file protein.cif (mmCIF, C-alpha atoms)
data_protein
#
loop_
_atom_site.label_atom_id
_atom_site.label_comp_id
_atom_site.auth_asym_id
_atom_site.auth_seq_id
_atom_site.Cartn_x
_atom_site.Cartn_y
_atom_site.Cartn_z
CA MET A 1 108.51 97.50 109.82
CA ARG A 2 107.22 93.98 110.47
CA TRP A 3 103.60 95.11 110.14
CA LYS A 4 104.36 96.45 106.64
CA LYS A 5 105.90 93.15 105.63
CA ALA A 6 102.98 91.24 107.17
CA PHE A 7 100.48 93.44 105.28
CA LEU A 8 102.51 92.92 102.10
CA SER A 9 102.29 89.16 102.66
CA LEU A 10 98.53 89.43 103.17
CA LEU A 11 98.11 91.36 99.90
CA LEU A 12 100.24 88.85 98.03
CA SER A 13 98.16 86.01 99.47
CA PHE A 14 95.09 87.67 97.90
CA ALA A 15 96.98 87.81 94.59
CA LEU A 16 97.79 84.11 94.93
CA ILE A 17 94.14 83.28 95.65
CA SER A 18 92.95 85.34 92.68
CA ASN A 19 95.42 83.66 90.35
CA THR A 20 94.47 80.23 91.66
CA ILE A 21 90.77 80.94 91.03
CA SER A 22 91.58 82.03 87.48
CA LEU A 23 93.66 78.88 86.95
CA GLY A 24 90.78 76.74 88.21
CA TRP A 25 88.36 78.38 85.79
CA SER A 26 90.72 77.89 82.87
CA VAL A 27 91.16 74.21 83.76
CA ALA A 28 87.38 73.77 84.13
CA ASN A 29 86.80 75.22 80.66
CA GLU A 30 89.67 73.28 79.07
CA GLU A 31 91.39 76.42 77.76
CA ARG A 32 94.94 75.13 77.18
CA SER A 33 96.63 78.46 76.42
CA ASP A 34 94.94 80.18 79.38
CA THR A 35 95.86 77.26 81.64
CA VAL A 36 99.55 77.68 80.83
CA ILE A 37 99.36 81.46 81.35
CA TYR A 38 97.59 81.14 84.69
CA ALA A 39 99.90 78.34 85.82
CA LEU A 40 102.80 80.76 85.31
CA HIS A 41 100.85 83.48 87.15
CA VAL A 42 100.27 81.11 90.09
CA CYS A 43 103.96 80.12 90.19
CA PHE A 44 105.03 83.78 90.21
CA ALA A 45 102.46 84.73 92.85
CA LEU A 46 103.53 81.79 95.02
CA TYR A 47 107.20 82.78 94.73
CA VAL A 48 106.54 86.42 95.62
CA PHE A 49 104.24 85.41 98.48
CA LEU A 50 106.83 83.03 99.97
CA LEU A 51 109.54 85.68 99.64
CA ALA A 52 107.34 88.22 101.47
CA VAL A 53 106.53 85.73 104.24
CA TRP A 54 110.21 84.87 104.57
CA SER A 55 111.14 88.55 104.88
CA ILE A 56 108.86 89.01 107.92
CA GLY A 57 111.27 87.07 110.12
CA GLN A 58 114.33 88.93 108.90
CA ASP A 59 115.77 91.81 110.86
CA ASN A 60 117.61 94.92 109.74
CA PRO A 61 120.49 94.38 107.59
CA ASP A 62 119.29 90.97 106.41
CA HIS A 63 115.94 92.03 105.00
CA CYS A 64 117.42 94.64 102.63
CA ASP A 65 118.03 92.08 99.86
CA SER A 66 114.55 90.58 100.22
CA ILE A 67 112.81 93.96 100.09
CA LEU A 68 114.85 95.09 97.09
CA HIS A 69 114.06 91.80 95.32
CA LEU A 70 110.34 92.15 96.13
CA THR A 71 110.34 95.77 95.01
CA THR A 72 111.92 94.89 91.67
CA LEU A 73 109.59 91.96 90.99
CA LEU A 74 106.45 93.84 92.04
CA THR A 75 107.40 96.88 89.95
CA VAL A 76 107.93 94.77 86.86
CA VAL A 77 104.71 92.77 87.30
CA PHE A 78 102.68 95.91 88.04
CA LEU A 79 104.03 97.69 84.97
CA LEU A 80 103.48 94.70 82.68
CA LEU A 81 100.01 93.76 83.94
CA GLY A 82 98.99 97.41 84.21
CA SER A 83 100.03 98.13 80.63
CA ALA A 84 98.23 94.99 79.45
CA ALA A 85 95.10 96.13 81.29
CA ILE A 86 95.23 99.70 79.99
CA LEU A 87 96.36 99.16 76.40
CA PRO A 88 95.38 95.63 75.36
CA PRO A 89 95.51 94.74 71.66
CA THR A 90 92.74 92.24 72.44
CA ARG A 91 90.82 91.44 75.59
CA PRO A 92 92.97 90.68 78.66
CA PRO A 93 93.93 87.03 79.03
CA ILE A 94 90.74 85.93 80.72
CA ILE A 95 88.50 83.06 79.83
CA THR A 96 86.00 84.18 77.25
CA SER A 97 83.84 81.07 77.16
CA ILE A 98 82.28 81.82 80.56
CA GLU A 99 79.27 84.12 80.50
CA ASP A 100 80.44 85.85 83.69
CA GLY A 101 83.14 87.78 81.84
CA TYR A 102 82.67 90.85 84.02
CA ILE A 103 83.56 88.87 87.13
CA LEU A 104 86.78 87.66 85.53
CA LEU A 105 87.54 91.15 84.25
CA GLY A 106 87.02 92.41 87.80
CA LEU A 107 89.45 89.75 89.07
CA TRP A 108 91.98 90.93 86.48
CA TYR A 109 91.72 94.60 87.47
CA GLY A 110 91.68 93.64 91.14
CA LEU A 111 94.92 91.73 90.63
CA VAL A 112 96.51 94.77 88.99
CA GLY A 113 95.35 96.89 91.94
CA ILE A 114 96.71 94.40 94.48
CA TYR A 115 100.09 94.37 92.76
CA GLY A 116 100.06 98.19 92.60
CA ILE A 117 99.39 98.55 96.33
CA ALA A 118 101.98 95.85 97.12
CA CYS A 119 104.51 97.66 94.94
CA PHE A 120 103.89 100.93 96.82
CA ILE A 121 104.27 99.20 100.19
CA ALA A 122 107.52 97.55 99.09
CA TYR A 123 108.85 100.93 97.92
CA THR A 124 108.05 102.61 101.23
CA THR A 125 109.40 99.86 103.50
CA PRO A 126 112.51 101.12 105.31
CA LEU A 127 115.69 99.33 104.37
CA GLY A 128 117.57 99.99 107.58
CA PRO A 129 117.15 100.92 111.22
CA LEU A 130 115.94 104.30 112.42
CA LEU A 131 118.71 106.80 112.09
CA HIS A 132 118.98 107.92 115.71
CA TYR A 133 122.04 108.06 117.90
CA PRO A 134 121.44 109.19 121.49
CA PRO A 135 123.42 112.41 122.07
CA SER A 136 123.71 111.62 125.79
CA ASP A 137 126.15 108.83 124.91
CA ILE A 138 128.75 111.21 123.48
CA TYR A 139 128.01 114.69 124.89
CA SER A 140 127.93 116.07 128.39
CA GLU A 141 124.61 116.64 130.13
CA LYS A 142 124.93 120.42 129.79
CA THR A 143 125.48 120.14 126.03
CA VAL A 144 122.53 117.75 125.64
CA GLN A 145 120.23 120.19 127.43
CA SER A 146 121.23 122.99 125.05
CA ILE A 147 120.34 120.99 121.93
CA THR A 148 117.50 122.63 120.00
CA ASN A 149 116.95 119.91 117.39
CA MET A 150 115.10 117.11 119.16
CA ASP A 151 114.37 115.15 115.98
CA GLU A 152 114.45 111.38 116.44
CA GLU A 153 116.21 110.85 113.12
CA ASN A 154 119.32 112.89 113.81
CA VAL A 155 121.67 110.99 111.50
CA CYS A 156 121.72 111.99 107.84
CA GLY A 157 120.73 109.26 105.42
CA ILE A 158 118.02 107.65 103.34
CA ILE A 159 116.15 104.73 104.88
CA SER A 160 113.65 104.01 102.12
CA MET A 161 113.51 104.15 98.34
CA PHE A 162 110.47 106.41 98.04
CA PRO A 163 110.45 109.21 96.79
CA SER A 164 114.16 109.21 95.97
CA LEU A 165 115.15 107.64 92.69
CA ILE A 166 118.69 106.82 93.68
CA LEU A 167 119.56 103.33 94.78
CA PRO A 168 119.77 103.20 98.57
CA HIS A 169 122.63 101.67 100.46
CA CYS A 170 121.92 98.73 102.73
CA TYR A 171 122.93 99.26 106.32
#
call {"tool": "encode", "arguments": {"input": "protein.cif", "output": "structure tokens"}}
result
Amino acid sequence: MRWKKAFLSLLLSFALISNTISLGWSVANEERSDTVIYALHVCFALYVFLLAVWSIGQDNPDHCDSILHLTTLLTVVFLLLGSAAILPPTRPPIITSIEDGYILLGLWYGLVGIYGIACFIAYTTPLGPLLHYPPSDIYSEKTVQSITNMDEENVCGIISMFPSLILPHCY
């Protein structure tokens, strides 16, 4: 579970770098409205990145709130930025005075892709421990040997939010 949270932090660091580059370009071209927009993007990306880094050190019942918070924020940002990229009334909020518009458009779509992948990883991160209780702790040795189901997850329950649409319980 820690590797998923570490990979999520790595992806969100790329989002922070991309937003910081876009903010630098807007400041260099003295685009006041774009500077404000990208400053807000950088603040959001920094907040989500710090939350993901903080969740790496958390163990099972503590990290449930952080993962749910990350999942909610990443879903909202992916839906909003994705809809702005797919159905824009005008060009996406990128700097139009630079001749390298395709590079900035690539950064924009890359950012949407990064948030999409991060959203998927946050959805599939388990919210609790593996659901396994060793049968040898409660049954006799003869009964344990006669067990036909050797599945490691022998306790009924949902440990992640994907693909179920119901809200999971924190353990």
call {"tool": "residues_around", "arguments": {"input": "protein.cif", "residues": "segment 21-23 of chain A", "least_positions_apart": "2", "cutoff": "7 Å", "atoms": "all atoms listed in the file", "output": "VMD selection string"}}
result
chain A and resid 17 to 19 25 to 27 35 38 to 39
call {"tool": "write_last_selection", "arguments": {"input": "protein.cif", "atoms": "C-alpha atoms", "output": "mmCIF file, keeping the file's coordinate frame"}}
result
data_model
loop_
_atom_site.group_PDB
_atom_site.id
_atom_site.type_symbol
_atom_site.label_atom_id
_atom_site.label_comp_id
_atom_site.auth_asym_id
_atom_site.auth_seq_id
_atom_site.Cartn_x
_atom_site.Cartn_y
_atom_site.Cartn_z
ATOM 1 C CA ILE A 17 94.140 83.280 95.650
ATOM 2 C CA SER A 18 92.950 85.340 92.680
ATOM 3 C CA ASN A 19 95.420 83.660 90.350
ATOM 4 C CA TRP A 25 88.360 78.380 85.790
ATOM 5 C CA SER A 26 90.720 77.890 82.870
ATOM 6 C CA VAL A 27 91.160 74.210 83.760
ATOM 7 C CA THR A 35 95.860 77.260 81.640
ATOM 8 C CA TYR A 38 97.590 81.140 84.690
ATOM 9 C CA ALA A 39 99.900 78.340 85.820
#
call {"tool": "atom_distance", "arguments": {"input": "protein.cif", "atom1": "atom CA of Cys43 of chain A", "atom2": "atom CA of Ser13 of chain A"}}
result
12.4 Å
call {"tool": "closest_residue", "arguments": {"input": "protein.cif", "among": "A:Val53, A:Ile86, A:Leu105, A:Leu70", "to": "Phe120 of chain A", "atoms": "all atoms listed in the file"}}
result
A:Leu70
call {"tool": "atom_distance", "arguments": {"input": "protein.cif", "atom1": "atom CA of Ala45 of chain A", "atom2": "atom CA of His69 of chain A"}}
result
13.8 Å
call {"tool": "atom_distance", "arguments": {"input": "protein.cif", "atom1": "atom CA of Gln58 of chain A", "atom2": "atom CA of Ser9 of chain A"}}
result
13.6 Å
call {"tool": "closest_residue", "arguments": {"input": "protein.cif", "among": "A:Ile56, A:Val76, A:Cys64, A:Leu81", "to": "Leu8 of chain A", "atoms": "only C-alpha atoms"}}
result
A:Ile56
call {"tool": "resolve_selection", "arguments": {"input": "protein.cif", "expression": "the PyMOL selection byres ((chain A and resi 49) around 9)", "output": "list in words"}}
result
Leu8, Ser9, Leu10, Leu11, Leu12, Ser13, Ala15, Leu16, Phe44, Ala45, Leu46, Tyr47, Val48, Leu50, Leu51, Ala52, Val53 and Trp54 of chain A
call {"tool": "resolve_selection", "arguments": {"input": "protein.cif", "expression": "the PyMOL selection byres ((chain A and resi 4) around 10)", "output": "MDAnalysis selection string"}}
result
chainID A and resid 1:3 5:10 56 118 121:122 124:126
call {"tool": "closest_residue", "arguments": {"input": "protein.cif", "among": "A:Leu87, A:Val36, A:Tyr109, A:Tyr115", "to": "Leu73 of chain A", "atoms": "only C-alpha atoms"}}
result
A:Tyr115
